[in-house]
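Here the structure comes first, spelled out in structure tokens, and everything after it is commentary.
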Amino acid sequence: MPSGKLRDEIKDKKQAQREAAAKRKRIQRERQSALGIAIVEVSLTKGQRETLEINRVIRGGLRGEYGLDEYIETLIRRDNEQLEKQIAALGDCGKCKSSLPGGCDGLFKGDCECWHTFSYRELML
Ligand SMILES: [Zn+2]
């Protein structure tokens, strides 16, 4: 059992470590906030988490697994590239002749010539 003085020193050291950790965390949050970075929480099943972990490793190959942030950033970037190409190829709605994907905003949905009736599915994942 450490003596009273040693016990106080250990207690002070642990308190200083906690304060330093809290300060580091606060500085990190401020830095992220200044960059517009926000933490987003998602709910995943055990199976989805396993898939995520396995795919990060496989896709990283010999260079090493993708970091979680890097993996999600890459998926978002690649999906956005694909979506932009798809949108650029859409043209206008066959019914209202307005530019897509907005078109008539669903006013003619149900009309077989309206993009919102069937073709909107092309943009779904
Ligand atoms: Zn339409």
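Going through the structure tokens in order, the chains are called A, B, and so on, while each chain numbers its residues from 1 and the ligands are numbered from 1 in the order shown.
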Taking a cut-off of 10 Å and counting only C-alpha atoms and all ligand atoms, can you build a table that, for each residue of chain A near ligand 1, reports the nearest atom pair and how far apart they are in Å (one decimal), sorted by chain then residue number, as a Markdown table?
| residue | atom | partner | partner_atom_place_in_ligand_line | distance |
| --- | --- | --- | --- | --- |
| A:Asp92 | CA | ligand 1 | 1 (Zn) | 8.6 |
| A:Cys93 | CA | ligand 1 | 1 (Zn) | 5.2 |
| A:Gly94 | CA | ligand 1 | 1 (Zn) | 6.8 |
| A:Lys95 | CA | ligand 1 | 1 (Zn) | 5.1 |
| A:Cys96 | CA | ligand 1 | 1 (Zn) | 4.9 |
| A:Lys97 | CA | ligand 1 | 1 (Zn) | 7.3 |
| A:Ser98 | CA | ligand 1 | 1 (Zn) | 7.2 |
| A:Ser99 | CA | ligand 1 | 1 (Zn) | 9.2 |
| A:Leu100 | CA | ligand 1 | 1 (Zn) | 8.5 |
| A:Pro101 | CA | ligand 1 | 1 (Zn) | 9.2 |
| A:Gly102 | CA | ligand 1 | 1 (Zn) | 8.2 |
| A:Gly103 | CA | ligand 1 | 1 (Zn) | 5.1 |
| A:Cys104 | CA | ligand 1 | 1 (Zn) | 4.4 |
| A:Asp105 | CA | ligand 1 | 1 (Zn) | 6.8 |
| A:Gly106 | CA | ligand 1 | 1 (Zn) | 6.1 |
| A:Leu107 | CA | ligand 1 | 1 (Zn) | 6.5 |
| A:Phe108 | CA | ligand 1 | 1 (Zn) | 5.1 |
| A:Lys109 | CA | ligand 1 | 1 (Zn) | 6.3 |
| A:Gly110 | CA | ligand 1 | 1 (Zn) | 9.1 |
| A:Asp111 | CA | ligand 1 | 1 (Zn) | 8.0 |
| A:Cys112 | CA | ligand 1 | 1 (Zn) | 9.3 |
| A:Glu113 | CA | ligand 1 | 1 (Zn) | 7.3 |
| A:Cys114 | CA | ligand 1 | 1 (Zn) | 3.9 |
| A:Trp115 | CA | ligand 1 | 1 (Zn) | 5.2 |
| A:His116 | CA | ligand 1 | 1 (Zn) | 5.8 |
| A:Thr117 | CA | ligand 1 | 1 (Zn) | 7.9 |
Using only C-alpha atoms, determine which residues lie at most 12 Å from region 75-79 of chain A, disregarding the query and same-chain residues fewer than 4 positions distant; provide the list as a VMD selection string. chain A and resid 52 55 to 56 59 66 68 to 71 83 to 86 123 to 125
Output file for the residues above (C-alpha atoms, as an mmCIF file, in the first residue's frame):
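Saved to selection_16.cif:
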data_model
loop_
_atom_site.group_PDB
_atom_site.id
_atom_site.type_symbol
_atom_site.label_atom_id
_atom_site.label_comp_id
_atom_site.auth_asym_id
_atom_site.auth_seq_id
_atom_site.Cartn_x
_atom_site.Cartn_y
_atom_site.Cartn_z
ATOM 1 C CA LEU A 52 -17.720 -3.698 -43.341
ATOM 2 C CA ASN A 55 -14.474 -5.487 -47.111
ATOM 3 C CA ARG A 56 -12.184 -2.809 -45.678
ATOM 4 C CA ARG A 59 -10.366 -3.585 -50.711
ATOM 5 C CA TYR A 66 -8.960 1.125 -45.401
ATOM 6 C CA LEU A 68 -13.174 3.349 -41.360
ATOM 7 C CA ASP A 69 -13.388 7.073 -42.204
ATOM 8 C CA GLU A 70 -11.370 6.523 -45.404
ATOM 9 C CA TYR A 71 -13.633 3.633 -46.466
ATOM 10 C CA LEU A 83 -24.759 9.560 -59.449
ATOM 11 C CA GLU A 84 -23.430 12.651 -61.253
ATOM 12 C CA LYS A 85 -22.856 10.567 -64.405
ATOM 13 C CA GLN A 86 -26.354 9.085 -64.144
ATOM 14 C CA LEU A 123 -31.109 6.226 -59.530
ATOM 15 C CA MET A 124 -31.805 3.882 -56.623
ATOM 16 C CA LEU A 125 -28.970 1.899 -55.142
#
How far is it from CA of Val42 (chain A) to CA of Glu73 (chain A), in Å with one decimal? 14.4 Å
Å distance separating CA of Ala38 (chain A) from CA of Ile72 (chain A), one decimal place: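 Straight-line distance from CA of Ala38 (chain A) to CA of Ile72 (chain A) works out to 13.5 Å.
Between CA of Asp8 (chain A) and CA of Ala21 (chain A) the separation is 19.8 Å.
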Test item, helix (DSSP H, G or I) assignment across chain A, answer as a ChimeraX atom specification: /A:4-34,46-63,68-88,119-123
